[in-house]
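Participant: Submitted below is the structure of interest, expressed as structure tokens.
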Amino acid sequence: MDRTDAGALVQAAADGDAGAWKALVEGLSPLVWSVVRAHRLSDADAHEVYQTAWFRFAQHLGRIREPGKAGAWLASTARHECLKVIRNSQRLTLTDDPRVLDRVSEDGTPEQSLLDSEEAAAQSERVRRLWQEFEELGERCRQLLRVLMATPPPSYQDVSAALGIAVGSIGPLRQRCLRRLRARLEARGAM
């Protein structure tokens, strides 16, 4: 189909001439199919692209600036649709391999994500309560426990020098402070 004929048919089809539309489809279908087949799509995808190209052409029929270039417009649209199908198909790989089908997602299920987030929230609440009760301990206990939690843990000689506590008293004092903290947490129902 030459440009002049295509231009006249596009104008007539835009004005509602069903015969002109039929002549356009018959005249330009081989061009659309050649573009689609050049992309080696499956039959189903090829038919989908063919239909989509004609649908887009019909949507824009009254707005095509150069009706004589209807073939180029259709070919370009078909090419873009083919590339879209190819891009989307690369995201999905079909398989019947049971090892792949039975594999658990690294992301987990939505239910597992919800359980994980609930567990994280509960853990966060426990830690918040622990530090809240820790701050209620006496100054001497807080100092000692903070120093002993350091990484790497300091020697008892270093703790003794820093806090002015006899080396032999550090262990028993630590034990009393931890017991107090545990009792506070149990009283608040945090343990």
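To be explicit about the labels: the chains of the structure tokens are called A, B, and onward in the order shown, and within each one the residues are counted from 1, while ligands get numbers from 1 in the order they are shown.
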Just want the 9 Å neighbourhood of stretch 178-188 of chain A, counted on only C-alpha atoms, with same-chain residues fewer than 6 positions away dropped. Output as a list in words.
Facilitator: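 Answer for this query is Arg129, Leu130, Glu133, Phe134, Glu136, Leu137, Cys141 and Leu145 of chain A.
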Participant: Can you tell me, as a list of chain:residue names, which residues in stretch 148-184 of chain A count as alpha helix (DSSP H) by DSSP?
Facilitator: A:Leu148, A:Tyr156, A:Gln157, A:Asp158, A:Val159, A:Ser160, A:Ala161, A:Ala162, A:Leu163, A:Val167, A:Gly168, A:Ser169, A:Ile170, A:Gly171, A:Pro172, A:Leu173, A:Arg174, A:Gln175, A:Arg176, A:Cys177, A:Leu178, A:Arg179, A:Arg180, A:Leu181, A:Arg182, A:Ala183, A:Arg184
Participant: Pull N, CA, C and O atoms from the residues just selected and write them as a compact mmCIF listing (two decimals), in the first residue's frame.
Facilitator:
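selection_26.txt was written with the following content:
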# COMPACT_ATOMS: atom_id res chain seq x y z
N LEU A 148 31.08 -3.29 82.91
CA LEU A 148 31.24 -4.73 82.65
C LEU A 148 30.66 -5.15 81.30
O LEU A 148 31.03 -6.21 80.77
N TYR A 156 38.99 -7.25 85.99
CA TYR A 156 38.51 -6.77 87.28
C TYR A 156 39.46 -5.72 87.86
O TYR A 156 39.06 -4.82 88.58
N GLN A 157 40.76 -5.84 87.55
CA GLN A 157 41.74 -4.85 88.02
C GLN A 157 41.42 -3.48 87.41
O GLN A 157 41.46 -2.46 88.10
N ASP A 158 41.07 -3.45 86.10
CA ASP A 158 40.72 -2.19 85.44
C ASP A 158 39.43 -1.61 86.02
O ASP A 158 39.32 -0.41 86.25
N VAL A 159 38.44 -2.49 86.29
CA VAL A 159 37.17 -2.05 86.88
C VAL A 159 37.42 -1.49 88.27
O VAL A 159 36.90 -0.43 88.64
N SER A 160 38.26 -2.16 89.04
CA SER A 160 38.59 -1.72 90.38
C SER A 160 39.22 -0.33 90.35
O SER A 160 38.85 0.55 91.13
N ALA A 161 40.16 -0.15 89.43
CA ALA A 161 40.84 1.14 89.33
C ALA A 161 39.88 2.24 88.86
O ALA A 161 39.93 3.37 89.36
N ALA A 162 39.00 1.94 87.93
CA ALA A 162 38.10 2.95 87.37
C ALA A 162 37.01 3.34 88.36
O ALA A 162 36.64 4.52 88.44
N LEU A 163 36.47 2.38 89.10
CA LEU A 163 35.31 2.67 89.95
C LEU A 163 35.63 2.74 91.44
O LEU A 163 34.75 3.08 92.25
N VAL A 167 38.65 -5.46 94.14
CA VAL A 167 38.53 -6.53 93.16
C VAL A 167 37.63 -7.65 93.67
O VAL A 167 36.78 -8.16 92.94
N GLY A 168 37.77 -8.01 94.95
CA GLY A 168 36.98 -9.09 95.52
C GLY A 168 35.50 -8.74 95.68
O GLY A 168 34.67 -9.61 95.87
N SER A 169 35.15 -7.46 95.59
CA SER A 169 33.75 -7.03 95.76
C SER A 169 33.01 -6.92 94.43
O SER A 169 31.78 -6.81 94.43
N ILE A 170 33.73 -6.91 93.33
CA ILE A 170 33.11 -6.68 92.02
C ILE A 170 32.10 -7.78 91.68
O ILE A 170 30.96 -7.49 91.32
N GLY A 171 32.48 -9.04 91.82
CA GLY A 171 31.59 -10.16 91.49
C GLY A 171 30.31 -10.16 92.31
O GLY A 171 29.20 -10.21 91.76
N PRO A 172 30.42 -10.10 93.66
CA PRO A 172 29.21 -10.09 94.49
C PRO A 172 28.32 -8.86 94.22
O PRO A 172 27.09 -8.98 94.19
N LEU A 173 28.95 -7.69 94.01
CA LEU A 173 28.17 -6.48 93.73
C LEU A 173 27.43 -6.63 92.39
O LEU A 173 26.25 -6.28 92.28
N ARG A 174 28.15 -7.16 91.42
CA ARG A 174 27.53 -7.41 90.10
C ARG A 174 26.32 -8.31 90.26
O ARG A 174 25.26 -8.07 89.70
N GLN A 175 26.46 -9.38 91.03
CA GLN A 175 25.36 -10.34 91.26
C GLN A 175 24.16 -9.66 91.91
O GLN A 175 23.01 -9.88 91.52
N ARG A 176 24.42 -8.83 92.93
CA ARG A 176 23.32 -8.13 93.62
C ARG A 176 22.60 -7.17 92.65
O ARG A 176 21.37 -7.09 92.65
N CYS A 177 23.36 -6.48 91.82
CA CYS A 177 22.77 -5.53 90.87
C CYS A 177 21.91 -6.26 89.83
O CYS A 177 20.79 -5.81 89.52
N LEU A 178 22.38 -7.37 89.34
CA LEU A 178 21.61 -8.15 88.36
C LEU A 178 20.35 -8.73 88.99
O LEU A 178 19.30 -8.78 88.35
N ARG A 179 20.46 -9.18 90.27
CA ARG A 179 19.27 -9.69 90.97
C ARG A 179 18.22 -8.59 91.13
O ARG A 179 17.03 -8.81 90.93
N ARG A 180 18.69 -7.38 91.49
CA ARG A 180 17.76 -6.25 91.62
C ARG A 180 17.07 -5.94 90.29
O ARG A 180 15.87 -5.71 90.24
N LEU A 181 17.86 -5.96 89.23
CA LEU A 181 17.30 -5.68 87.90
C LEU A 181 16.27 -6.75 87.52
O LEU A 181 15.18 -6.43 87.04
N ARG A 182 16.59 -8.00 87.78
CA ARG A 182 15.66 -9.11 87.48
C ARG A 182 14.38 -8.95 88.28
O ARG A 182 13.28 -9.12 87.76
N ALA A 183 14.50 -8.62 89.54
CA ALA A 183 13.32 -8.45 90.39
C ALA A 183 12.43 -7.32 89.87
O ALA A 183 11.20 -7.44 89.85
N ARG A 184 13.03 -6.24 89.46
CA ARG A 184 12.27 -5.10 88.91
C ARG A 184 11.53 -5.53 87.64
O ARG A 184 10.37 -5.19 87.45
Participant: Excluding stretch 73-88 of chain A and residues on its chain fewer than 5 positions from it, collect all residues at most 8 Å away from it, counting only C-alpha atoms, and give them as a PyMOL selection string.
Facilitator: chain A and resi 31-32+35-36+39+41+45-46+49-50+52-54+56-57
Participant: Restricting the calculation to only C-alpha atoms: of A:Glu119, A:Glu139, A:Glu66, A:Glu26, which residue gets closest to A:Ala8?
Facilitator: A:Glu66
Participant: Could you tell me which of A:Ala120, A:Ala166, A:Ala12, A:Val25 comes closest to A:Phe55 if we count only C-alpha atoms?
Facilitator: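 The answer is A:Val25, which sits nearest to A:Phe55.
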Participant: For a test of reading the model, state the distance in Å between atom CA of A:Ser89 and atom CA of A:Ser42, rounded to one decimal.
Facilitator: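 Going from atom CA of A:Ser89 over to atom CA of A:Ser42, I get 10.7 Å.
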Participant: Using atom CA of A:Glu135 and atom CA of A:Glu118 as the two end points, give the distance in Å to one decimal.
Facilitator: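 A separation of 25.9 Å between them.
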Participant: Just to confirm, what's the straight-line distance from atom CA of A:Gln11 to atom CA of A:Pro67 in Å (one decimal)?
Facilitator: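 So the answer is 7.0 Å.
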Participant: Measuring between only C-alpha atoms, which one of A:Leu61, A:Ala38, A:Met1, A:Leu28 shows the shortest distance to A:Gly16?
Facilitator: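 Of the candidates, the smallest distance to A:Gly16 is held by A:Leu61.
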Participant: Go through A:Asp15, A:Asp116, A:Asp43, A:Asp5 and flag the residue nearest A:Arg63, using only C-alpha atoms for the distances.
Facilitator: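 Checking each of A:Asp15, A:Asp116, A:Asp43, A:Asp5 against A:Arg63, counting only C-alpha atoms, the winner is A:Asp15.
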